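Trainee: Let me give you the structure first, and then I'll get to my questions.
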Amino acid sequence: MFQLLILLCVLNANAVVAQETPLNDGVIGLWNTQSTGEHWQAAWIWHAQSKDTQLALFRKSFTVEELNTDSILKITASSMYKLYVNGTYVNRGPARNAPHHQSFDMLNVSSLIQPGKNVIAVQVHAQKMLKSYGQATRPGLLAELKLNDSVIVKTDSTWKVSDDPSWHKNSPKMSRFHQEVNDFVDLSSAYKNWQQNEFDDDNWSNAVELKRNNGWPAPQKNDRAHALTSPWTNLVARDIEYLQEQSVVATKLIAAQYIDDYFTNDIKFPKKIKAIPKVALEQPIQTDKFSKFPFQLEVSNKPLLLVFDLGEVRNGMPEFTITGTAGDKVEVISIPYMIDNQFTYHKVDANLIDRVILSGSEDTWQAQYFKPTRYLGLVVEPSNTMQIKRVGLHQISFPFEDQGTMKSASSAWVEQYVNASKNTLKVATTDAYTDNYRERRQYAQTGFYAGLGNYYTFANHTLQRRYLIQTAQEQLGNGLMPAYGPLQTDDFMVILDSNSLWVRSLKNYYLYSGDEQTVKQLLPAASKMLALLKSYSNEDGLIDNPPYAYWLDHAKNDRRGANLNLNGHYLGAIEDYAQILAWLNIDGAESYWAQAKKMRSAIQSKYWNNDKGLFVDALIDGKQSTEYSEHGNAMALALNIASTKQAHRVIETLLDETPDNYILRANGMTMVTPAMSYFLHKGIANYGFVDQSLTLLRKRFDKMLASEHNGTLWEEWWLHGSGRTGVFIDNGRTRSDAQTESAFAPALFAEFLLGIKPIEPGMKTLLLQRHQHSVDDIEGVFATPYGQLEIQWQAHQSAKQVSINIPENVQLKVDRHSLGLSGEQYLYLDGGQHTVKF
């Protein structure tokens with residue numbers, strides 16, 4: 001519905017460059033990656049009965065004497081607002097944030113302002129307690145409208161407010177991991193057209209201005225309300241793109257059948273809806289009469305289930321327009337996938353079901369929060385004739401722009417994996433890389449892996465920047481960072497390998513974006529965190545018996561003493577940080593290089609078990625563990641720690657055909673899950689076994705690309721069980737079938753198939769190196785900050801050459817020896833079209 005256009009607009013000669021995103025009905029969303037230091041005249045407001053109000057409706061009428069082309073509305077809320085101007089829906093927000101860095105949106109609403117009377121209407125849902133991507137807060141709305149540089153509307157006690165009477169105050173949470181809820185609404189109690197100009201709000205209450213409500217000394221009785229008040233102690237202009245929104249109509253009906261009656265009068269929901277048979281329905285219904293909207297349903301004495309297939313997983317709010325009898329119940333179920341045609345609202349540790357009671361007239365409803373949806377189920381039991389005018393999804397999506405691809409005429413799987421990585425990133429991203437199925441947290445390690453796919457496909461840097469900053473904002477005084485950010489205050493969730501991967505992400509961000517300002521801003525946080533980790537290290541520079549947890553893929557791994565996998569992450573962080581310092585010409589890199597050298601030597605010698613031909617999981621009081629994993633050995637290979645002889649023995653074991661159960665090999669070696677597979681496949685390829693590495697990747701991942709699935713890459717090998725235990729669990733805890741930690745293939749293909757590797761910040765210099773593999777005709781294109789780079793290999797006997805189109809200001813450093821050419825090792829190519837024969 002909307003096509004994202006990024007425009008640059010200089011606000012004034014010395015101001016920050018703002019970026020503009022066209023939204024709905026001519027509205028322009030403004031955002032930037034540097035705070036503008038906006039001054040506010042508004043105060044935070046809420047309903048007087050704050051303890052009982054979860055869904056509040058606000059209205060403010062005002063008069064405009066003449067039109068203005070620069071009407072800027074600033075707005076934010078906790079937890080989520082939906083904004084209307086003169087009855088037209090504008091936007092929902094804010095971007096995920098913590099109240100100590102409260103994000104606000106800036107919207108040019110000039111296209112909606114009219115001469116005479118106008119109204120701003122805002123719906124605000126306040127989530128209970130804590131949520132998975134923000135700290136505990138209190139409900140509130142903050143907004144102000146500026147015309148001709150003068151504030152004419154601001155949130156204060158003149159705003160009208162009401163509870164939404166249709167909202168059930170005990171609406172159930174979707175998941176134990178976050179506070180977003182399913183709808184439980186009675187539309188017969190809803191205000192009709194409350195967003196419109198002509199709505200009469202005289203009976204609504206006046207809003208209450210919010211003042212500081214904590215701290216000592218206690219607030220004075222004559223204190224004034226301000227925009228900066230607890231817990232909103234810092235207001236930050238939006239620094240990430242606005243989400244795209246579009247309505248998707250459900251048109252492909254795949255099932256229609258009567259089901260057992262499970263409607264109840266309380267809020268509890270059933271665990272499972274009767275299975276949809278693969279071939280014949282138990283009580284077949286002619287689906288053609290439901291294949292086109294609008295259609296009519298007659299009275300039934302059992303609930304009717306209609307299931308639509310949207311064709312792909314989409315994040316969005318289910319919605320409908322239905323005319324039925326007052327009091328009739330409608331349930332809408334939104335799930336990302338089905339297993340064995342079992343249609344159930346319980347999916348991936350979440351209950352994805354909304355319950356709506358009809359008003360008796362035409363009802364248009366949209367859920368409050370998004371759900372990952374491919375299969376959309378509608379459950380109805382008409383007590384009289386019911387007309388279904390429309391069923392669908394109001395989709396929200398991050399505005400990724402496709403800027404890269406890789407393909408091979410002889411190896412179609414290359415493009416399939418790149419596309420699957422793109423699909424995975426899209427499904428697992430809203431305003432951050434998250435698990436949109438259940439947790440919705442913005443994990444530190446997830447950002448590292450997501451970047452491996454993102455940089456070579458969408459080249460979006462704001463997502464990477466935002467996650468780095470938000471994680472750093474939660475850093476403790478001793479240097480620890482949370483596993484995700486923003487954090488939940490009573491669940492800091494320290495994971496030391498996430499801390500290390502945050503540093504590695506910072507280096508990659510600088511390498512691909514060239515954003516020196518942000519990197520310098522975050523350097524103190526990295527330094528402080530690495531200083532803490534060093535305090536846990538032994539004489540070899542290795543972290544030994546740390547007091548905090550570490551993740552290691554949730555795998556069986558010997559976590560006693562000095563663990564190899566953890567220290568692999570730590571070593572990578574130390575070397576990446578040293579490289580950042582060197583790039584910035586900042587003193588201090590030498591000490592990190594020295595520590596890394598000691599660590600490499602210790603790992604190569606002390607962790608190596610010559611009898612097994614493998615690296616052990618850990619050293620405990622100087623003695624080798626008896627446990628072995630792909631995790632530790634992958635690190636020894638990916639970081640080029642192993643000698644050539646060691647690497648060949650390890651790879652021989654990794655590539656053998658011993659049986660496995662996707663948890664353990666028959667030889668007792670622990671397997672990685674998809675989330676740690678990047679290091680495994682990179683490590684094998686590092687030592688020249690590119691084809692073997694990619695063959696192993698396909699052996700493990702290919703099933704995810706089967707046509708019956710979603711075209712995404714999963715969190716675990718088994719879609720319907722827990723790959724962390726090796727036990728199939730039919731109705732128990734499951735994982736996602738779209739996880740950014742599995743979307744690493746583009747980086748792997750770029751380095752080892754295309755032979756491209758950036759070696760200078762901002763991708764100003766790239767290394768081109770030919771690796772030995774059987775994909776002779778691969779080609780690709782991806783974005784640099786200076787434009788797109790195109791590369792095409794023809795390595796057949798009849799024509800051995802590589803053609804490259806290099807952007808201006810980018811230099812390609814060609815390793816001539818890897819092409820079998822003698823003489824000087826490196827050839828330097830500047831911007832333009834080049835062909836190198838070999």
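Here's how to read the names in the structure tokens: chain A, B, ... by the order shown, residue numbers from 1 in each chain, ligand numbers from 1 in the order shown.
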Fewer than 6 positions away in the same chain doesn't count, so skip those; otherwise give me all residues within 8 Å of Leu376 (chain A), counting only C-alpha atoms, as a VMD selection string.
Mentor: chain A and resid 250 307 to 310 318 332 to 335 392
Trainee: Hey, can you spit out that residue selection with all heavy atoms as a PDB file, in the first residue's frame?
Mentor:
ATOM      1  N   ALA A 250      -8.054 -11.427   3.413  1.00  0.00           N
ATOM      2  CA  ALA A 250      -7.933 -12.887   3.363  1.00  0.00           C
ATOM      3  C   ALA A 250      -8.837 -13.411   2.253  1.00  0.00           C
ATOM      4  O   ALA A 250     -10.054 -13.301   2.331  1.00  0.00           O
ATOM      5  CB  ALA A 250      -8.329 -13.490   4.704  1.00  0.00           C
ATOM      6  N   VAL A 307     -10.972 -21.086   7.815  1.00  0.00           N
ATOM      7  CA  VAL A 307      -9.530 -20.875   7.879  1.00  0.00           C
ATOM      8  C   VAL A 307      -9.042 -20.347   6.541  1.00  0.00           C
ATOM      9  O   VAL A 307      -9.285 -20.956   5.493  1.00  0.00           O
ATOM     10  CB  VAL A 307      -8.775 -22.172   8.242  1.00  0.00           C
ATOM     11  CG1 VAL A 307      -7.272 -21.903   8.309  1.00  0.00           C
ATOM     12  CG2 VAL A 307      -9.268 -22.720   9.574  1.00  0.00           C
ATOM     13  N   PHE A 308      -8.352 -19.214   6.584  1.00  0.00           N
ATOM     14  CA  PHE A 308      -7.795 -18.580   5.394  1.00  0.00           C
ATOM     15  C   PHE A 308      -6.272 -18.699   5.422  1.00  0.00           C
ATOM     16  O   PHE A 308      -5.646 -18.655   6.478  1.00  0.00           O
ATOM     17  CB  PHE A 308      -8.196 -17.107   5.331  1.00  0.00           C
ATOM     18  CG  PHE A 308      -9.672 -16.863   5.279  1.00  0.00           C
ATOM     19  CD1 PHE A 308     -10.415 -16.744   6.449  1.00  0.00           C
ATOM     20  CD2 PHE A 308     -10.325 -16.756   4.063  1.00  0.00           C
ATOM     21  CE1 PHE A 308     -11.776 -16.524   6.406  1.00  0.00           C
ATOM     22  CE2 PHE A 308     -11.686 -16.525   4.006  1.00  0.00           C
ATOM     23  CZ  PHE A 308     -12.422 -16.411   5.182  1.00  0.00           C
ATOM     24  N   ASP A 309      -5.681 -18.820   4.254  1.00  0.00           N
ATOM     25  CA  ASP A 309      -4.225 -18.875   4.108  1.00  0.00           C
ATOM     26  C   ASP A 309      -3.767 -17.581   3.436  1.00  0.00           C
ATOM     27  O   ASP A 309      -4.131 -17.304   2.287  1.00  0.00           O
ATOM     28  CB  ASP A 309      -3.837 -20.097   3.270  1.00  0.00           C
ATOM     29  CG  ASP A 309      -2.324 -20.259   3.120  1.00  0.00           C
ATOM     30  OD1 ASP A 309      -1.572 -19.408   3.642  1.00  0.00           O
ATOM     31  OD2 ASP A 309      -1.904 -21.237   2.468  1.00  0.00           O
ATOM     32  N   LEU A 310      -2.950 -16.793   4.140  1.00  0.00           N
ATOM     33  CA  LEU A 310      -2.436 -15.541   3.584  1.00  0.00           C
ATOM     34  C   LEU A 310      -1.227 -15.761   2.686  1.00  0.00           C
ATOM     35  O   LEU A 310      -0.704 -14.808   2.107  1.00  0.00           O
ATOM     36  CB  LEU A 310      -2.064 -14.576   4.712  1.00  0.00           C
ATOM     37  CG  LEU A 310      -3.206 -14.165   5.656  1.00  0.00           C
ATOM     38  CD1 LEU A 310      -2.702 -13.169   6.686  1.00  0.00           C
ATOM     39  CD2 LEU A 310      -4.389 -13.602   4.895  1.00  0.00           C
ATOM     40  N   PRO A 318      -5.143  -8.764  13.214  1.00  0.00           N
ATOM     41  CA  PRO A 318      -6.327  -9.272  12.515  1.00  0.00           C
ATOM     42  C   PRO A 318      -7.469  -8.271  12.605  1.00  0.00           C
ATOM     43  O   PRO A 318      -7.580  -7.513  13.585  1.00  0.00           O
ATOM     44  CB  PRO A 318      -6.643 -10.576  13.268  1.00  0.00           C
ATOM     45  CG  PRO A 318      -5.942 -10.454  14.573  1.00  0.00           C
ATOM     46  CD  PRO A 318      -4.741  -9.615  14.330  1.00  0.00           C
ATOM     47  N   VAL A 332     -11.136 -14.830  16.577  1.00  0.00           N
ATOM     48  CA  VAL A 332     -10.193 -14.739  15.469  1.00  0.00           C
ATOM     49  C   VAL A 332      -8.869 -15.325  15.948  1.00  0.00           C
ATOM     50  O   VAL A 332      -8.330 -14.904  16.975  1.00  0.00           O
ATOM     51  CB  VAL A 332     -10.001 -13.287  15.005  1.00  0.00           C
ATOM     52  CG1 VAL A 332      -9.074 -13.235  13.798  1.00  0.00           C
ATOM     53  CG2 VAL A 332     -11.351 -12.655  14.673  1.00  0.00           C
ATOM     54  N   ILE A 333      -8.367 -16.284  15.192  1.00  0.00           N
ATOM     55  CA  ILE A 333      -7.152 -17.005  15.568  1.00  0.00           C
ATOM     56  C   ILE A 333      -6.103 -16.753  14.493  1.00  0.00           C
ATOM     57  O   ILE A 333      -6.372 -16.914  13.302  1.00  0.00           O
ATOM     58  CB  ILE A 333      -7.433 -18.511  15.709  1.00  0.00           C
ATOM     59  CG1 ILE A 333      -8.515 -18.733  16.778  1.00  0.00           C
ATOM     60  CG2 ILE A 333      -6.167 -19.286  16.049  1.00  0.00           C
ATOM     61  CD1 ILE A 333      -9.105 -20.114  16.771  1.00  0.00           C
ATOM     62  N   SER A 334      -4.913 -16.358  14.929  1.00  0.00           N
ATOM     63  CA  SER A 334      -3.858 -15.967  13.988  1.00  0.00           C
ATOM     64  C   SER A 334      -2.611 -16.788  14.303  1.00  0.00           C
ATOM     65  O   SER A 334      -1.989 -16.580  15.348  1.00  0.00           O
ATOM     66  CB  SER A 334      -3.536 -14.479  14.143  1.00  0.00           C
ATOM     67  OG  SER A 334      -4.713 -13.700  14.176  1.00  0.00           O
ATOM     68  N   ILE A 335      -2.223 -17.683  13.421  1.00  0.00           N
ATOM     69  CA  ILE A 335      -1.060 -18.522  13.699  1.00  0.00           C
ATOM     70  C   ILE A 335      -0.092 -18.495  12.516  1.00  0.00           C
ATOM     71  O   ILE A 335      -0.495 -18.335  11.369  1.00  0.00           O
ATOM     72  CB  ILE A 335      -1.447 -19.978  14.024  1.00  0.00           C
ATOM     73  CG1 ILE A 335      -2.223 -20.621  12.878  1.00  0.00           C
ATOM     74  CG2 ILE A 335      -2.235 -20.037  15.323  1.00  0.00           C
ATOM     75  CD1 ILE A 335      -2.500 -22.094  13.090  1.00  0.00           C
ATOM     76  N   GLY A 392      -9.376  -9.990   7.374  1.00  0.00           N
ATOM     77  CA  GLY A 392      -8.011  -9.828   6.896  1.00  0.00           C
ATOM     78  C   GLY A 392      -7.058  -9.461   8.007  1.00  0.00           C
ATOM     79  O   GLY A 392      -7.312  -9.710   9.195  1.00  0.00           O
TER      80      GLY A 392
END
Trainee: Considering only C-alpha atoms, tabulate each residue of region 287-376 of chain A that lies at most 10 Å from region 382-390 of chain A along with its nearest interatomic pair and the corresponding distance in Å to one decimal; arrange the rows by chain and ascending residue number and present them as CSV.
Mentor:
residue,atom,partner,partner_atom,distance
A:Phe290,CA,A:Ile388,CA,9.1
A:Lys292,CA,A:Arg390,CA,9.2
A:Phe293,CA,A:Lys389,CA,5.5
A:Pro294,CA,A:Lys389,CA,4.2
A:Phe295,CA,A:Ile388,CA,5.4
A:Gln296,CA,A:Gln387,CA,4.5
A:Leu297,CA,A:Met386,CA,5.1
A:Glu298,CA,A:Thr385,CA,4.8
A:Val299,CA,A:Asn384,CA,5.0
A:Ser300,CA,A:Pro382,CA,5.9
A:Asn301,CA,A:Ser383,CA,8.1
A:Lys302,CA,A:Pro382,CA,8.9
A:Pro303,CA,A:Pro382,CA,8.0
A:Leu304,CA,A:Pro382,CA,8.7
A:Glu319,CA,A:Arg390,CA,8.2
A:Phe320,CA,A:Arg390,CA,5.3
A:Thr321,CA,A:Arg390,CA,5.0
A:Ile322,CA,A:Ile388,CA,4.8
A:Thr323,CA,A:Gln387,CA,5.2
A:Gly324,CA,A:Met386,CA,4.5
A:Thr325,CA,A:Asn384,CA,6.3
A:Ala326,CA,A:Ser383,CA,9.2
A:Gly327,CA,A:Ser383,CA,9.0
A:Asp328,CA,A:Pro382,CA,6.5
A:Lys329,CA,A:Pro382,CA,8.2
A:Val330,CA,A:Pro382,CA,9.0
A:Gly360,CA,A:Met386,CA,9.7
A:Glu362,CA,A:Gln387,CA,8.9
A:Asp363,CA,A:Lys389,CA,9.8
A:Thr364,CA,A:Arg390,CA,9.0
Trainee: How would you write, as a count of residues only, the set of residues in region 330-479 of chain A that DSSP gives as strand (DSSP E or B)?
Mentor: 51
Trainee: Mind dumping a table of every region 37-86 of chain A residue within 10 Å of region 159-169 of chain A, with the nearest atom pair and its distance in Å to one decimal, using only C-alpha atoms, sorted by chain and rising number, as JSON lines?
Mentor:
{"residue": "A:Ile45", "atom": "CA", "partner": "A:Trp159", "partner_atom": "CA", "distance": 8.5}
{"residue": "A:Trp46", "atom": "CA", "partner": "A:Val161", "partner_atom": "CA", "distance": 7.7}
{"residue": "A:His47", "atom": "CA", "partner": "A:Val161", "partner_atom": "CA", "distance": 6.2}
{"residue": "A:Ala48", "atom": "CA", "partner": "A:Val161", "partner_atom": "CA", "distance": 9.0}
{"residue": "A:Gln49", "atom": "CA", "partner": "A:Asp163", "partner_atom": "CA", "distance": 9.0}
{"residue": "A:Ser50", "atom": "CA", "partner": "A:Asp163", "partner_atom": "CA", "distance": 9.7}
{"residue": "A:Asp52", "atom": "CA", "partner": "A:Lys169", "partner_atom": "CA", "distance": 7.8}
{"residue": "A:Thr53", "atom": "CA", "partner": "A:Asp163", "partner_atom": "CA", "distance": 6.0}
{"residue": "A:Gln54", "atom": "CA", "partner": "A:Lys169", "partner_atom": "CA", "distance": 6.8}
{"residue": "A:Leu55", "atom": "CA", "partner": "A:Asp164", "partner_atom": "CA", "distance": 5.7}
{"residue": "A:Ala56", "atom": "CA", "partner": "A:Asp163", "partner_atom": "CA", "distance": 4.7}
{"residue": "A:Leu57", "atom": "CA", "partner": "A:Ser162", "partner_atom": "CA", "distance": 5.3}
{"residue": "A:Phe58", "atom": "CA", "partner": "A:Val161", "partner_atom": "CA", "distance": 4.5}
{"residue": "A:Arg59", "atom": "CA", "partner": "A:Lys160", "partner_atom": "CA", "distance": 5.1}
{"residue": "A:Lys60", "atom": "CA", "partner": "A:Trp159", "partner_atom": "CA", "distance": 5.2}
{"residue": "A:Ser61", "atom": "CA", "partner": "A:Trp159", "partner_atom": "CA", "distance": 8.2}
Trainee: Taking N, CA, C and O atoms for each residue, export the selection above as a compact mmCIF listing (two decimals), in the first residue's frame.
Mentor:
# COMPACT_ATOMS: atom_id res chain seq x y z
N ILE A 45 -0.29 13.23 30.41
CA ILE A 45 -1.66 13.18 30.94
C ILE A 45 -2.15 11.73 30.98
O ILE A 45 -1.63 10.85 30.30
N TRP A 46 -3.18 11.52 31.81
CA TRP A 46 -3.85 10.22 31.85
C TRP A 46 -5.22 10.42 32.46
O TRP A 46 -5.62 11.53 32.83
N HIS A 47 -5.94 9.33 32.55
CA HIS A 47 -7.27 9.33 33.15
C HIS A 47 -7.13 9.42 34.67
O HIS A 47 -6.17 8.89 35.24
N ALA A 48 -8.08 10.06 35.31
CA ALA A 48 -8.01 10.20 36.77
C ALA A 48 -8.02 8.84 37.47
O ALA A 48 -7.34 8.64 38.48
N GLN A 49 -8.77 7.89 36.94
CA GLN A 49 -8.83 6.55 37.53
C GLN A 49 -7.74 5.68 36.92
O GLN A 49 -8.00 4.67 36.27
N SER A 50 -6.51 6.07 37.13
CA SER A 50 -5.39 5.45 36.41
C SER A 50 -5.23 3.97 36.73
O SER A 50 -4.79 3.20 35.89
N ASP A 52 -7.46 1.73 37.16
CA ASP A 52 -8.45 0.90 36.49
C ASP A 52 -8.44 1.05 34.97
O ASP A 52 -9.07 0.27 34.27
N THR A 53 -7.74 2.05 34.46
CA THR A 53 -7.78 2.34 33.03
C THR A 53 -6.63 1.66 32.32
O THR A 53 -5.47 1.95 32.60
N GLN A 54 -6.94 0.77 31.39
CA GLN A 54 -5.92 0.15 30.56
C GLN A 54 -5.98 0.66 29.13
O GLN A 54 -4.95 0.88 28.50
N LEU A 55 -7.19 0.84 28.62
CA LEU A 55 -7.36 1.37 27.26
C LEU A 55 -8.12 2.68 27.37
O LEU A 55 -9.30 2.71 27.69
N ALA A 56 -7.39 3.78 27.13
CA ALA A 56 -7.96 5.11 27.29
C ALA A 56 -8.12 5.78 25.94
O ALA A 56 -7.30 5.60 25.03
N LEU A 57 -9.19 6.58 25.82
CA LEU A 57 -9.47 7.35 24.62
C LEU A 57 -9.34 8.83 24.94
O LEU A 57 -9.92 9.31 25.92
N PHE A 58 -8.57 9.56 24.14
CA PHE A 58 -8.33 10.98 24.36
C PHE A 58 -8.81 11.77 23.15
O PHE A 58 -8.68 11.33 22.01
N ARG A 59 -9.33 12.98 23.42
CA ARG A 59 -9.75 13.87 22.35
C ARG A 59 -9.37 15.31 22.71
O ARG A 59 -9.41 15.72 23.87
N LYS A 60 -8.99 16.06 21.67
CA LYS A 60 -8.76 17.49 21.84
C LYS A 60 -9.23 18.22 20.60
O LYS A 60 -8.72 18.00 19.49
N SER A 61 -10.22 19.08 20.78
CA SER A 61 -10.73 19.89 19.66
C SER A 61 -10.02 21.23 19.67
O SER A 61 -9.70 21.79 20.73
Trainee: Based on the backbone DSSP call, show me all residues of region 94-131 of chain A assigned helix (DSSP H, G or I), as a PyMOL selection string.
Mentor: chain A and resi 99-101+110-112
Trainee: Next, the residues of the selection above should be written as an mmCIF file, in the first residue's frame with N, CA, C and O atoms.
Mentor:
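What landed in out33.cif:
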data_model
loop_
_atom_site.group_PDB
_atom_site.id
_atom_site.type_symbol
_atom_site.label_atom_id
_atom_site.label_comp_id
_atom_site.auth_asym_id
_atom_site.auth_seq_id
_atom_site.Cartn_x
_atom_site.Cartn_y
_atom_site.Cartn_z
ATOM 1 N N PRO A 99 11.627 4.063 29.318
ATOM 2 C CA PRO A 99 11.212 5.433 29.671
ATOM 3 C C PRO A 99 12.380 6.367 29.952
ATOM 4 O O PRO A 99 12.208 7.587 29.846
ATOM 5 N N HIS A 100 13.557 5.809 30.292
ATOM 6 C CA HIS A 100 14.692 6.701 30.503
ATOM 7 C C HIS A 100 15.256 7.214 29.185
ATOM 8 O O HIS A 100 16.106 8.110 29.178
ATOM 9 N N HIS A 101 14.810 6.668 28.068
ATOM 10 C CA HIS A 101 15.094 7.206 26.733
ATOM 11 C C HIS A 101 13.807 7.059 25.911
ATOM 12 O O HIS A 101 13.755 6.315 24.940
ATOM 13 N N SER A 110 0.083 18.248 8.083
ATOM 14 C CA SER A 110 -0.513 19.398 7.384
ATOM 15 C C SER A 110 -1.634 18.985 6.452
ATOM 16 O O SER A 110 -2.627 19.712 6.286
ATOM 17 N N SER A 111 -1.502 17.811 5.824
ATOM 18 C CA SER A 111 -2.505 17.361 4.852
ATOM 19 C C SER A 111 -3.853 17.079 5.493
ATOM 20 O O SER A 111 -4.877 17.017 4.789
ATOM 21 N N LEU A 112 -3.887 16.924 6.821
ATOM 22 C CA LEU A 112 -5.133 16.569 7.503
ATOM 23 C C LEU A 112 -5.755 17.744 8.259
ATOM 24 O O LEU A 112 -6.896 17.655 8.691
#
